[in-house]
>>> print(open('query13.tsv').read())   # TSV, C-alpha atoms and all ligand atoms
chain	number	residue	atom	x	y	z
V	1397	MET	CA	22.50	28.37	56.21
V	1398	LYS	CA	22.86	28.94	52.49
V	1399	LYS	CA	19.65	28.49	50.52
V	1400	ARG	CA	19.86	25.99	47.72
V	1401	VAL	CA	17.59	23.92	45.54
V	1402	GLU	CA	16.34	20.52	46.57
V	1403	ALA	CA	17.57	18.53	43.57
V	1404	ASN	CA	19.47	18.73	40.32
V	1405	PRO	CA	17.23	21.19	38.44
V	1406	PHE	CA	18.30	19.85	35.05
V	1407	ARG	CA	16.61	16.50	35.63
V	1408	LYS	CA	13.28	18.15	34.85
V	1409	ILE	CA	14.22	18.95	31.25
V	1410	PRO	CA	12.04	16.63	29.13
V	1411	THR	CA	13.48	14.40	26.42
V	1412	ILE	CA	14.25	16.61	23.46
V	1413	LEU	CA	12.58	15.67	20.18
V	1414	TYR	CA	14.39	16.44	16.97
V	1415	ALA	CA	12.62	18.63	14.41
V	1416	ASP	CA	11.44	15.66	12.29
V	1417	GLU	CA	10.18	13.75	15.32
V	1418	LEU	CA	8.17	16.75	16.49
V	1419	LEU	CA	6.67	17.28	13.03
V	1420	ASP	CA	5.80	13.57	12.77
V	1421	LYS	CA	4.12	13.68	16.17
V	1422	ALA	CA	2.08	16.72	15.13
V	1423	HIS	CA	1.18	15.15	11.78
V	1424	ASN	CA	0.00	11.91	13.43
V	1425	ARG	CA	-2.17	13.80	15.90
V	1426	ALA	CA	-3.71	15.88	13.09
V	1427	GLU	CA	-4.48	12.73	11.05
V	1428	LYS	CA	-6.07	11.08	14.05
V	1429	VAL	CA	-8.30	14.09	14.72
V	1430	ALA	CA	-9.25	14.25	11.02
V	1431	GLY	CA	-10.06	10.52	10.98
V	1432	GLU	CA	-12.52	10.93	13.87
V	1433	LEU	CA	-14.10	14.00	12.31
V	1434	ARG	CA	-14.59	12.29	8.92
V	1435	LYS	CA	-16.68	9.65	10.69
V	1436	THR	CA	-18.78	12.03	12.76
V	1437	THR	CA	-19.21	15.28	10.77
V	1438	ARG	CA	-22.35	15.61	8.67
V	1439	GLY	CA	-23.12	18.29	6.06
V	1440	GLU	CA	-22.14	19.46	2.60
V	1441	SER	CA	-18.53	19.03	1.47
V	1442	LEU	CA	-17.32	22.65	1.93
V	1443	TYR	CA	-18.73	22.76	5.45
V	1444	LYS	CA	-17.14	19.39	6.28
V	1445	SER	CA	-13.74	20.20	4.85
V	1446	ARG	CA	-13.59	23.58	6.62
V	1447	ILE	CA	-14.14	21.82	9.95
V	1448	ILE	CA	-11.70	19.01	9.26
V	1449	GLU	CA	-8.88	21.17	7.89
V	1450	GLU	CA	-9.28	23.74	10.64
V	1451	GLN	CA	-9.10	21.05	13.31
V	1452	LYS	CA	-6.01	19.55	11.66
V	1453	ILE	CA	-4.37	22.94	11.83
V	1454	ARG	CA	-5.36	23.33	15.48
V	1455	ALA	CA	-4.07	19.86	16.41
V	1456	THR	CA	-0.73	20.46	14.66
V	1457	THR	CA	-0.36	23.84	16.34
V	1458	ALA	CA	-1.21	22.46	19.78
V	1459	VAL	CA	1.35	19.63	19.58
V	1460	ILE	CA	4.18	21.88	18.44
V	1461	SER	CA	3.43	24.93	20.53
V	1462	ASP	CA	2.66	23.00	23.73
V	1463	TYR	CA	5.74	20.82	23.40
V	1464	LEU	CA	8.07	23.77	22.88
V	1465	SER	CA	6.58	25.79	25.73
V	1466	THR	CA	6.83	22.75	28.05
V	1467	VAL	CA	10.54	22.43	27.24
V	1468	VAL	CA	11.04	26.13	27.97
V	1469	LYS	CA	9.08	25.96	31.24
V	1470	LYS	CA	10.84	22.86	32.51
V	1471	THR	CA	14.34	24.00	31.62
V	1472	PRO	CA	15.80	26.05	34.47
V	1473	SER	CA	16.59	29.62	33.54
V	1474	VAL	CA	20.31	30.38	33.76
V	1475	ASP	CA	19.69	33.63	35.62
V	1476	ASN	CA	17.64	32.06	38.43
V	1477	LEU	CA	19.85	29.04	38.89
V	1478	ASP	CA	21.29	28.04	42.25
V	1479	PRO	CA	24.91	29.29	42.17
V	1480	PHE	CA	26.35	25.80	42.72
V	1481	TYR	CA	24.66	24.54	39.55
V	1482	ARG	CA	25.27	27.78	37.69
V	1483	GLU	CA	29.00	27.49	38.26
V	1484	ILE	CA	28.94	23.96	36.83
V	1485	LEU	CA	26.69	24.98	33.94
V	1486	GLU	CA	29.10	27.72	32.91
V	1487	ILE	CA	31.98	25.33	32.56
V	1488	LEU	CA	30.05	22.53	30.84
V	1489	ILE	CA	28.09	24.42	28.23
V	1490	ASP	CA	28.01	27.71	26.38
V	1491	THR	CA	25.44	29.58	28.48
V	1492	ASP	CA	24.86	32.27	25.82
V	1493	ASP	CA	23.96	29.59	23.31
V	1494	PHE	CA	21.76	27.89	25.89
V	1495	LYS	CA	19.87	31.13	26.66
V	1496	LYS	CA	19.52	31.96	22.96
V	1497	SER	CA	18.19	28.48	22.25
V	1498	LEU	CA	15.54	28.75	24.94
V	1499	GLY	CA	14.57	32.13	23.49
V	1500	ALA	CA	14.28	30.58	20.03
V	1501	LEU	CA	12.04	27.77	21.33
V	1502	ASN	CA	9.84	30.33	23.03
V	1503	TRP	CA	9.59	32.34	19.83
V	1504	ALA	CA	8.76	29.23	17.79
V	1505	SER	CA	6.04	28.24	20.27
V	1506	ASP	CA	4.36	31.67	20.05
V	1507	PHE	CA	4.80	31.96	16.31
V	1508	SER	CA	3.28	28.50	15.75
V	1509	LYS	CA	0.21	29.65	17.65
V	1510	LYS	CA	-0.05	32.77	15.51
V	1511	LEU	CA	0.26	30.72	12.32
V	1512	GLY	CA	-2.41	28.33	13.62
V	1513	SER	CA	-4.91	31.16	14.25
V	1514	MET	CA	-4.11	32.88	10.98
V	1515	TYR	CA	-4.50	29.80	8.79
V	1516	GLY	CA	-7.46	28.58	10.84
V	1517	ARG	CA	-9.30	31.82	9.95
V	1518	ARG	CA	-8.32	31.49	6.30
V	1519	VAL	CA	-9.70	27.97	6.11
V	1520	HIS	CA	-12.90	29.23	7.61
V	1521	LYS	CA	-13.30	31.75	4.81
V	1522	ALA	CA	-12.25	29.40	1.99
V	1523	GLY	CA	-14.63	29.30	-0.96
V	1524	SER	CA	-14.23	25.61	-1.87
V	1525	ALA	CA	-13.30	22.28	-0.34
V	1526	ARG	CA	-10.18	22.13	-2.54
V	1527	HIS	CA	-9.15	25.54	-1.32
V	1528	THR	CA	-9.39	24.50	2.38
V	1529	SER	CA	-6.92	21.74	1.70
V	1530	ILE	CA	-4.54	24.07	-0.18
V	1531	ILE	CA	-4.57	26.50	2.77
V	1532	ARG	CA	-3.85	23.71	5.25
V	1533	LYS	CA	-0.91	22.53	3.11
V	1534	GLN	CA	0.45	26.08	3.04
V	1535	PHE	CA	0.17	26.10	6.83
V	1536	ASN	CA	2.05	22.79	7.04
V	1537	GLY	CA	4.83	24.23	4.91
V	1538	ARG	CA	5.20	27.29	7.12
V	1539	ILE	CA	5.07	25.49	10.44
V	1540	SER	CA	7.59	22.90	9.18
V	1541	SER	CA	10.00	25.64	8.28
V	1542	VAL	CA	9.59	27.22	11.75
V	1543	VAL	CA	10.39	23.91	13.42
V	1544	LYS	CA	13.32	23.22	11.08
V	1545	GLN	CA	14.66	26.69	11.79
V	1546	ILE	CA	15.03	25.84	15.48
V	1547	TYR	CA	16.79	22.53	14.78
V	1548	PRO	CA	20.17	23.82	16.12
V	1549	ASN	CA	18.44	25.19	19.23
V	1550	LEU	CA	16.73	21.88	19.97
V	1551	ALA	CA	20.10	20.18	19.50
V	1552	CYS	CA	21.77	22.65	21.90
V	1553	ILE	CA	19.20	21.92	24.64
V	1554	ALA	CA	19.46	18.16	23.98
V	1555	VAL	CA	23.25	18.23	24.41
V	1556	ALA	CA	22.98	20.35	27.57
V	1557	ARG	CA	20.37	17.96	28.99
V	1558	GLU	CA	22.66	14.97	28.45
V	1559	LYS	CA	25.58	16.72	30.15
V	1560	LEU	CA	23.59	18.08	33.08
V	1561	LYS	CA	21.05	15.45	34.01
V	1562	ASN	CA	23.52	13.31	35.97
V	1563	LEU	CA	25.01	16.09	38.04
V	1564	PRO	CA	24.93	15.48	41.77
V	1565	THR	CA	21.82	16.22	43.71
V	1566	VAL	CA	22.51	18.37	46.70
V	1567	LYS	CA	19.84	18.89	49.29
V	1568	ASP	CA	18.65	22.06	50.91
V	1569	MET	CA	20.19	21.32	54.29
V	1570	PRO	CA	23.30	22.39	56.24
V	1571	THR	CA	26.34	21.14	54.35
V	1572	VAL	CA	29.81	20.22	55.54
V	1573	VAL	CA	32.51	19.85	52.91
V	1574	ILE	CA	35.38	17.53	53.86
V	1575	ALA	CA	38.78	18.58	52.52
V	1576	GLY	CA	42.39	17.50	52.83
V	1577	TYR	CA	45.16	15.78	50.83
V	1578	PRO	CA	44.55	12.25	49.47
V	1579	ASN	CA	44.83	9.36	51.95
V	1580	VAL	CA	44.52	11.45	55.10
V	1581	GLY	CA	41.28	9.68	56.09
V	1582	LYS	CA	38.50	11.80	54.54
V	1583	SER	CA	36.29	8.96	53.37
V	1584	THR	CA	36.76	7.09	56.65
V	1585	LEU	CA	35.58	10.23	58.46
V	1586	LEU	CA	32.60	10.62	56.12
V	1587	ARG	CA	31.51	7.06	56.87
V	1588	LYS	CA	31.90	7.55	60.62
V	1589	LEU	CA	29.92	10.78	60.64
V	1590	THR	CA	27.06	9.40	58.59
V	1591	ASN	CA	27.01	5.72	59.64
V	1592	ALA	CA	26.45	4.65	56.06
V	1593	GLU	CA	28.06	4.13	52.71
V	1594	PRO	CA	27.99	7.49	50.88
V	1595	GLU	CA	26.13	8.07	47.64
V	1596	ILE	CA	28.65	8.51	44.87
V	1597	ASN	CA	27.60	11.25	42.47
V	1598	ALA	CA	29.29	12.12	39.22
V	1599	TYR	CA	31.05	15.48	39.39
V	1600	PRO	CA	32.15	16.68	35.99
V	1601	PHE	CA	35.53	17.98	37.17
V	1602	THR	CA	36.87	14.80	38.68
V	1603	THR	CA	36.81	11.15	37.72
V	1604	LYS	CA	36.43	10.22	41.37
V	1605	GLY	CA	32.98	11.73	41.79
V	1606	LEU	CA	31.46	13.58	44.68
V	1607	ASN	CA	30.57	11.49	47.72
V	1608	VAL	CA	27.54	12.64	49.64
V	1609	GLY	CA	26.40	11.25	53.00
V	1610	TYR	CA	23.55	12.20	55.31
V	1611	SER	CA	23.67	12.12	59.08
V	1612	ASP	CA	20.73	11.40	61.35
V	1613	TYR	CA	21.33	14.80	62.95
V	1614	GLY	CA	20.31	16.71	59.80
V	1615	ILE	CA	23.60	17.48	58.09
V	1616	GLN	CA	24.75	16.71	54.57
V	1617	PHE	CA	28.41	15.75	54.22
V	1618	VAL	CA	30.29	16.07	50.95
V	1619	ASP	CA	33.66	14.44	50.36
V	1620	THR	CA	35.38	15.72	47.26
V	1621	PRO	CA	38.22	13.46	46.20
V	1622	GLY	CA	40.29	15.16	43.56
V	1623	VAL	CA	38.94	18.65	44.19
V	1624	LEU	CA	40.13	20.10	47.49
V	1625	ASP	CA	43.25	18.01	47.74
V	1626	ARG	CA	46.03	20.07	46.27
V	1627	PRO	CA	47.24	23.65	46.08
V	1628	ILE	CA	45.21	26.19	44.16
V	1629	TYR	CA	48.15	27.25	41.95
V	1630	GLU	CA	48.35	23.73	40.50
V	1631	ARG	CA	44.80	23.93	39.16
V	1632	ASN	CA	43.55	24.65	35.71
V	1633	ASP	CA	40.52	26.82	34.96
V	1634	ILE	CA	38.04	23.99	35.03
V	1635	GLU	CA	39.26	22.76	38.40
V	1636	LEU	CA	38.94	26.27	39.79
V	1637	HIS	CA	35.28	26.25	38.79
V	1638	ALA	CA	34.91	22.99	40.68
V	1639	VAL	CA	36.32	24.65	43.77
V	1640	VAL	CA	34.14	27.74	43.37
V	1641	ALA	CA	31.03	25.57	42.96
V	1642	LEU	CA	31.86	23.89	46.30
V	1643	ASN	CA	32.18	27.31	47.86
V	1644	TYR	CA	28.48	27.83	47.19
V	1645	LEU	CA	27.68	24.50	48.78
V	1646	ALA	CA	29.66	24.63	52.02
V	1647	ASP	CA	28.39	26.00	55.32
V	1648	LEU	CA	31.44	24.57	57.07
V	1649	ILE	CA	34.71	22.91	56.04
V	1650	VAL	CA	36.23	20.03	57.92
V	1651	PHE	CA	39.90	19.84	56.95
V	1652	VAL	CA	41.59	16.52	57.68
V	1653	MET	CA	45.36	16.32	58.28
V	1654	ASP	CA	47.70	13.35	58.62
V	1655	PRO	CA	50.64	14.14	60.94
V	1656	THR	CA	52.24	10.76	60.16
V	1657	GLU	CA	52.76	11.93	56.57
V	1658	TYR	CA	51.86	8.38	55.42
V	1659	CYS	CA	49.52	10.16	53.05
V	1660	GLY	CA	52.60	11.29	51.12
V	1661	TYR	CA	52.49	14.99	51.99
V	1662	THR	CA	54.60	16.78	54.57
V	1663	ILE	CA	53.00	18.55	57.52
V	1664	GLU	CA	54.11	21.90	56.01
V	1665	GLU	CA	52.34	21.12	52.72
V	1666	GLN	CA	49.21	20.24	54.64
V	1667	ILE	CA	49.39	23.47	56.66
V	1668	ASN	CA	49.79	25.48	53.44
V	1669	LEU	CA	46.73	23.84	51.90
V	1670	THR	CA	44.69	24.65	55.01
V	1671	ASN	CA	45.67	28.30	54.71
V	1672	GLU	CA	44.77	28.33	51.01
V	1673	ILE	CA	41.38	26.81	51.67
V	1674	GLU	CA	40.77	29.39	54.37
V	1675	LYS	CA	41.41	32.15	51.83
V	1676	THR	CA	39.19	30.57	49.18
V	1677	PHE	CA	36.21	29.66	51.34
V	1678	LYS	CA	34.44	32.22	53.44
V	1679	VAL	CA	33.08	29.70	55.95
V	1680	PRO	CA	34.30	28.37	59.31
V	1681	ILE	CA	36.89	25.59	59.22
V	1682	ILE	CA	37.46	22.81	61.75
V	1683	ILE	CA	40.80	20.99	61.59
V	1684	ILE	CA	40.97	17.29	62.35
V	1685	ILE	CA	44.45	15.99	63.09
V	1686	ASN	CA	43.87	12.35	62.25
V	1687	LYS	CA	45.61	9.02	62.84
V	1688	ILE	CA	46.65	9.87	66.43
V	1689	ASP	CA	46.55	6.12	67.15
V	1690	ILE	CA	49.88	5.88	65.33
V	1691	GLU	CA	52.64	6.82	67.74
V	1692	GLY	CA	55.83	8.78	67.12
V	1693	TYR	CA	54.50	11.85	65.34
V	1694	GLU	CA	54.02	14.20	68.32
V	1695	GLU	CA	56.45	16.71	66.78
V	1696	ASN	CA	54.37	17.12	63.60
V	1697	LEU	CA	51.21	17.30	65.65
V	1698	LYS	CA	52.66	20.15	67.69
V	1699	ILE	CA	53.85	21.99	64.54
V	1700	ALA	CA	50.33	21.83	63.11
V	1701	GLU	CA	48.76	23.02	66.35
V	1702	ARG	CA	51.27	25.84	66.75
V	1703	GLU	CA	50.71	27.10	63.18
V	1704	LEU	CA	46.97	26.76	63.03
V	1705	SER	CA	45.45	27.01	66.51
V	1706	SER	CA	45.20	30.80	66.48
V	1707	LYS	CA	42.87	30.66	63.49
V	1708	PHE	CA	41.03	27.34	63.72
V	1709	ASP	CA	39.46	24.90	66.16
V	1710	ILE	CA	41.59	21.77	66.13
V	1711	ILE	CA	40.55	18.26	67.19
V	1712	ARG	CA	42.96	15.35	67.53
V	1713	ALA	CA	41.27	12.15	66.36
V	1714	SER	CA	41.50	8.74	64.81
V	1715	THR	CA	38.74	8.25	62.32
V	1716	GLU	CA	39.55	4.58	61.91
V	1717	ASN	CA	39.68	3.82	65.64
V	1718	ASP	CA	36.76	6.01	66.67
V	1719	ILE	CA	38.82	8.36	68.80
V	1720	ASN	CA	36.99	11.67	69.28
V	1721	ILE	CA	34.35	11.11	66.59
V	1722	ASP	CA	31.72	12.34	69.08
V	1723	VAL	CA	33.77	15.46	69.78
V	1724	ILE	CA	33.92	16.14	66.03
V	1725	LYS	CA	30.12	15.69	65.72
V	1726	LYS	CA	29.48	18.05	68.62
V	1727	GLU	CA	31.82	20.70	67.23
V	1728	ILE	CA	30.20	20.48	63.78
V	1729	MET	CA	26.73	20.94	65.29
V	1730	ASN	CA	28.00	23.87	67.36
V	1731	LYS	CA	29.55	25.61	64.39
V	1732	ILE	CA	26.56	24.99	62.16
V	1733	ASP	CA	24.24	26.12	64.94
V	1734	LEU	CA	21.96	23.11	65.16
V	1801	LIG	N1	46.04	4.24	61.54
V	1801	LIG	C1	45.07	4.94	61.01
V	1801	LIG	N2	44.80	4.82	59.70
V	1801	LIG	C2	43.78	5.53	59.19
V	1801	LIG	C3	42.97	6.40	59.98
V	1801	LIG	N3	42.06	6.98	59.17
V	1801	LIG	C4	42.27	6.49	57.93
V	1801	LIG	N4	43.30	5.63	57.92
V	1801	LIG	C5	43.84	4.89	56.78
V	1801	LIG	O1	44.34	5.82	55.85
V	1801	LIG	C6	44.11	5.37	54.52
V	1801	LIG	C7	43.35	6.44	53.75
V	1801	LIG	O2	42.05	6.63	54.31
V	1801	LIG	P1	40.86	7.19	53.46
V	1801	LIG	O3	39.72	7.42	54.38
V	1801	LIG	O4	40.60	6.37	52.24
V	1801	LIG	O5	41.51	8.57	52.98
V	1801	LIG	P2	40.97	9.67	51.97
V	1801	LIG	O6	41.51	10.96	52.46
V	1801	LIG	O7	39.51	9.56	51.81
V	1801	LIG	O8	41.70	9.28	50.64
V	1801	LIG	P3	41.28	9.68	49.11
V	1801	LIG	O9	40.01	8.96	48.83
V	1801	LIG	O10	42.46	9.19	48.32
V	1801	LIG	O11	41.16	11.16	49.10
V	1801	LIG	C8	43.31	4.08	54.64
V	1801	LIG	O12	44.22	3.02	54.50
V	1801	LIG	C9	42.76	4.12	56.04
V	1801	LIG	O13	42.60	2.83	56.57
V	1801	LIG	C10	43.27	6.48	61.38
V	1801	LIG	O14	42.63	7.18	62.15
V	1801	LIG	N5	44.32	5.72	61.83
>>> encode(input="query13.tsv", output="structure tokens", more="lines below")
Ligand SMILES: Nc1nc2c(ncn2[C@@H]2O[C@H](COP(=O)(O)OP(=O)(O)OP(=O)(O)O)[C@@H](O)[C@H]2O)c(=O)[nH]1
Amino acid sequence: MKKRVEANPFRKIPTILYADELLDKAHNRAEKVAGELRKTTRGESLYKSRIIEEQKIRATTAVISDYLSTVVKKTPSVDNLDPFYREILEILIDTDDFKKSLGALNWASDFSKKLGSMYGRRVHKAGSARHTSIIRKQFNGRISSVVKQIYPNLACIAVAREKLKNLPTVKDMPTVVIAGYPNVGKSTLLRKLTNAEPEINAYPFTTKGLNVGYSDYGIQFVDTPGVLDRPIYERNDIELHAVVALNYLADLIVFVMDPTEYCGYTIEEQINLTNEIEKTFKVPIIIIINKIDIEGYEENLKIAERELSSKFDIIRASTENDINIDVIKKEIMNKIDL
């Protein structure tokens, strides 16, 4: 089975603060710390102001540096990403910009720490109370300009987070992708195999979403309306990415056909799509010839079996009338080696 992550890794990215919000947060923390220290610190004024200004610098540094390093740590790195999500990421955002922005946040976090230590030491050596405050103001000016410098990088991560956080969650379990032209009976099959209403996940390449269902025998089923339902040559670049992403997800494809052609596609068109999917996906395929409860289409059924039986296992079924659903389940478990 292919190894994949347990959940959408982009959900962990924390809410992104804009530069001003981050500076305000740091300023408020520093003022709070200073307020406490003014009440509790005893001694002559130079001694007191060294302590207070140094602690203000430390508090400001901690808020900014910790926040930025948390964002970096919680944002998945493009290079270690599960290929399914990586494929989607590449089409939704500029990955070079994304990587550069994470690098910039990392730099700003480290540099803030350096500024904090440097100005902290200077305050410590200051010769007068007035001088401690001047040094701390210089520090504030420098750290503000660091944070403002990474404004576009924070914005880049914020935009990516918005686009990525609602991507489907796929689980680390054997996965069957259901394919076939529209109206052949894919969603009926998904419901029958999972005994439940599927979860509908947004999938950025199709308005119809990605339907995911779980069976009680440990398999995840994915129905992909609008993705694997027409010939490859009719697809644009973005749609091809959607197909490639599914390739990373699938351990097995179940391809549903409708010999009655009520779905609107001829048996030849359906055979061609099966062959295309076989070339695109490097996983086993099971063919379901559906709607066998409707009589009068034996000729089409035979054409499909003649053309495809040398390459694929074929099961005649009626998803709506529960004909051979158990045979389909058994064959899926066989192929997936459960
Ligand atoms: N007679 C008969 N009708 C069926 C069978 N399976 C599905 N249908 C009907 O075929 C139509 C399409 O079924 P769906 O399960 O929605 O097909 P789909 O492939 O998921 O369609 P899209 O969501 O458009 O991709 C519905 O009206 C079903 O009731 C079957 O085994 N026999």
>>> closest_atom_pairs(input="query13.tsv", of="region 1476-1582 of chain V", to="region 1405-1411 of chain V", cutoff="10 Å", atoms="all atoms listed in the file", output="Markdown table")
| residue | atom | partner | partner_atom | distance |
| --- | --- | --- | --- | --- |
| V:Leu1477 | CA | V:Pro1405 | CA | 8.3 |
| V:Asp1478 | CA | V:Pro1405 | CA | 8.8 |
| V:Tyr1481 | CA | V:Pro1405 | CA | 8.2 |
| V:Leu1485 | CA | V:Phe1406 | CA | 9.9 |
| V:Ile1553 | CA | V:Ile1409 | CA | 8.8 |
| V:Ala1554 | CA | V:Thr1411 | CA | 7.5 |
| V:Ala1556 | CA | V:Phe1406 | CA | 8.8 |
| V:Arg1557 | CA | V:Ile1409 | CA | 6.6 |
| V:Glu1558 | CA | V:Phe1406 | CA | 9.3 |
| V:Lys1559 | CA | V:Phe1406 | CA | 9.3 |
| V:Leu1560 | CA | V:Phe1406 | CA | 5.9 |
| V:Lys1561 | CA | V:Arg1407 | CA | 4.8 |
| V:Asn1562 | CA | V:Arg1407 | CA | 7.6 |
| V:Leu1563 | CA | V:Phe1406 | CA | 8.3 |
| V:Thr1565 | CA | V:Pro1405 | CA | 8.6 |
>>> residues_near_ligand(input="query13.tsv", ligand="ligand LIG 1801 (chain V)", cutoff="6 Å", atoms="all atoms listed in the file", output="list of chain:residue names")
V:Pro1578, V:Asn1579, V:Val1580, V:Gly1581, V:Lys1582, V:Ser1583, V:Thr1584, V:Pro1621, V:Asn1686, V:Lys1687, V:Asp1689, V:Ile1690, V:Ser1714, V:Thr1715, V:Glu1716, V:Asn1717
>>> residues_near_point(input="query13.tsv", point="(54.7, 10.9, 55.8)", cutoff="12 Å", atoms="only C-alpha atoms", output="compact mmCIF listing (two decimals) with C-alpha atoms, in the coordinates of the input")
# COMPACT_ATOMS: atom_id res chain seq x y z
CA TYR V 1577 45.16 15.78 50.83
CA ASN V 1579 44.83 9.36 51.95
CA VAL V 1580 44.52 11.45 55.10
CA MET V 1653 45.36 16.32 58.28
CA ASP V 1654 47.70 13.35 58.62
CA PRO V 1655 50.64 14.14 60.94
CA THR V 1656 52.24 10.76 60.16
CA GLU V 1657 52.76 11.93 56.57
CA TYR V 1658 51.86 8.38 55.42
CA CYS V 1659 49.52 10.16 53.05
CA GLY V 1660 52.60 11.29 51.12
CA TYR V 1661 52.49 14.99 51.99
CA THR V 1662 54.60 16.78 54.57
CA ILE V 1663 53.00 18.55 57.52
CA GLU V 1664 54.11 21.90 56.01
CA GLU V 1665 52.34 21.12 52.72
CA GLN V 1666 49.21 20.24 54.64
CA LYS V 1687 45.61 9.02 62.84
CA ILE V 1690 49.88 5.88 65.33
CA GLY V 1692 55.83 8.78 67.12
CA TYR V 1693 54.50 11.85 65.34
CA ASN V 1696 54.37 17.12 63.60
>>> residues_around(input="query13.tsv", residues="Val1468 (chain V)", least_positions_apart="5", cutoff="12 Å", atoms="only C-alpha atoms", output="PDB file with C-alpha atoms, keeping the file's coordinate frame")
ATOM      1  CA  PHE V1406      18.300  19.850  35.050  1.00  0.00           C
ATOM      2  CA  LYS V1408      13.280  18.150  34.850  1.00  0.00           C
ATOM      3  CA  ILE V1409      14.220  18.950  31.250  1.00  0.00           C
ATOM      4  CA  PRO V1410      12.040  16.630  29.130  1.00  0.00           C
ATOM      5  CA  ILE V1412      14.250  16.610  23.460  1.00  0.00           C
ATOM      6  CA  SER V1461       3.430  24.930  20.530  1.00  0.00           C
ATOM      7  CA  ASP V1462       2.660  23.000  23.730  1.00  0.00           C
ATOM      8  CA  TYR V1463       5.740  20.820  23.400  1.00  0.00           C
ATOM      9  CA  SER V1473      16.590  29.620  33.540  1.00  0.00           C
ATOM     10  CA  VAL V1474      20.310  30.380  33.760  1.00  0.00           C
ATOM     11  CA  PHE V1494      21.760  27.890  25.890  1.00  0.00           C
ATOM     12  CA  LYS V1495      19.870  31.130  26.660  1.00  0.00           C
ATOM     13  CA  LYS V1496      19.520  31.960  22.960  1.00  0.00           C
ATOM     14  CA  SER V1497      18.190  28.480  22.250  1.00  0.00           C
ATOM     15  CA  LEU V1498      15.540  28.750  24.940  1.00  0.00           C
ATOM     16  CA  GLY V1499      14.570  32.130  23.490  1.00  0.00           C
ATOM     17  CA  ALA V1500      14.280  30.580  20.030  1.00  0.00           C
ATOM     18  CA  LEU V1501      12.040  27.770  21.330  1.00  0.00           C
ATOM     19  CA  ASN V1502       9.840  30.330  23.030  1.00  0.00           C
ATOM     20  CA  TRP V1503       9.590  32.340  19.830  1.00  0.00           C
ATOM     21  CA  ALA V1504       8.760  29.230  17.790  1.00  0.00           C
ATOM     22  CA  SER V1505       6.040  28.240  20.270  1.00  0.00           C
ATOM     23  CA  ASP V1506       4.360  31.670  20.050  1.00  0.00           C
ATOM     24  CA  ASN V1549      18.440  25.190  19.230  1.00  0.00           C
ATOM     25  CA  LEU V1550      16.730  21.880  19.970  1.00  0.00           C
ATOM     26  CA  ILE V1553      19.200  21.920  24.640  1.00  0.00           C
TER      27      ILE V1553
END
>>> residues_near_point(input="query13.tsv", point="(-10.4, 23.3, 12.4)", cutoff="12 Å", atoms="only C-alpha atoms", output="VMD selection string")
chain V and resid 1426 1429 to 1430 1433 1443 to 1458 1512 to 1521 1528 to 1529 1531 to 1532
>>> residues_around(input="query13.tsv", residues="Asp1619 (chain V)", least_positions_apart="5", cutoff="12 Å", atoms="all atoms listed in the file", output="ChimeraX atom specification")
/V:1571-1578,1581-1587,1589-1590,1593-1597,1599,1604-1610,1624-1625,1642,1645-1646,1649-1652
>>> residues_around(input="query13.tsv", residues="Val1723 (chain V)", least_positions_apart="5", cutoff="9 Å", atoms="only C-alpha atoms", output="list in words")
Ile1711, Ala1713 and Ile1728 of chain V
>>> closest_residue(input="query13.tsv", among="V:Ile1724, V:Glu1630, V:Met1729, V:Val1639", to="Ile1615 (chain V)", atoms="all atoms listed in the file")
V:Met1729
>>> closest_residue(input="query13.tsv", among="V:Asp1568, V:Glu1427, V:Asp1420, V:Glu1635", to="Val1543 (chain V)", atoms="all atoms listed in the file")
V:Asp1420
>>> closest_residue(input="query13.tsv", among="V:Lys1428, V:His1423, V:Lys1725, V:Arg1482", to="Lys1533 (chain V)", atoms="all atoms listed in the file")
V:His1423
>>> build_atoms(input="query13.tsv", residues="region 1541-1548 of chain V", atoms="N, CA and C atoms", output="mmCIF file, in the coordinates of the input")
data_model
loop_
_atom_site.group_PDB
_atom_site.id
_atom_site.type_symbol
_atom_site.label_atom_id
_atom_site.label_comp_id
_atom_site.auth_asym_id
_atom_site.auth_seq_id
_atom_site.Cartn_x
_atom_site.Cartn_y
_atom_site.Cartn_z
ATOM 1 N N SER V 1541 8.764 24.868 8.385
ATOM 2 C CA SER V 1541 10.000 25.640 8.280
ATOM 3 C C SER V 1541 10.336 26.321 9.609
ATOM 4 N N VAL V 1542 9.311 26.661 10.411
ATOM 5 C CA VAL V 1542 9.590 27.220 11.750
ATOM 6 C C VAL V 1542 10.323 26.172 12.594
ATOM 7 N N VAL V 1543 9.785 24.958 12.581
ATOM 8 C CA VAL V 1543 10.390 23.910 13.420
ATOM 9 C C VAL V 1543 11.800 23.578 12.931
ATOM 10 N N LYS V 1544 11.973 23.539 11.601
ATOM 11 C CA LYS V 1544 13.320 23.220 11.080
ATOM 12 C C LYS V 1544 14.314 24.330 11.404
ATOM 13 N N GLN V 1545 13.798 25.552 11.466
ATOM 14 C CA GLN V 1545 14.660 26.690 11.790
ATOM 15 C C GLN V 1545 15.267 26.558 13.192
ATOM 16 N N ILE V 1546 14.504 25.942 14.106
ATOM 17 C CA ILE V 1546 15.030 25.840 15.480
ATOM 18 C C ILE V 1546 15.767 24.510 15.713
ATOM 19 N N TYR V 1547 16.067 23.800 14.634
ATOM 20 C CA TYR V 1547 16.790 22.530 14.780
ATOM 21 C C TYR V 1547 18.073 22.698 15.625
ATOM 22 N N PRO V 1548 18.940 23.700 15.314
ATOM 23 C CA PRO V 1548 20.170 23.820 16.120
ATOM 24 C C PRO V 1548 19.878 24.139 17.591
#
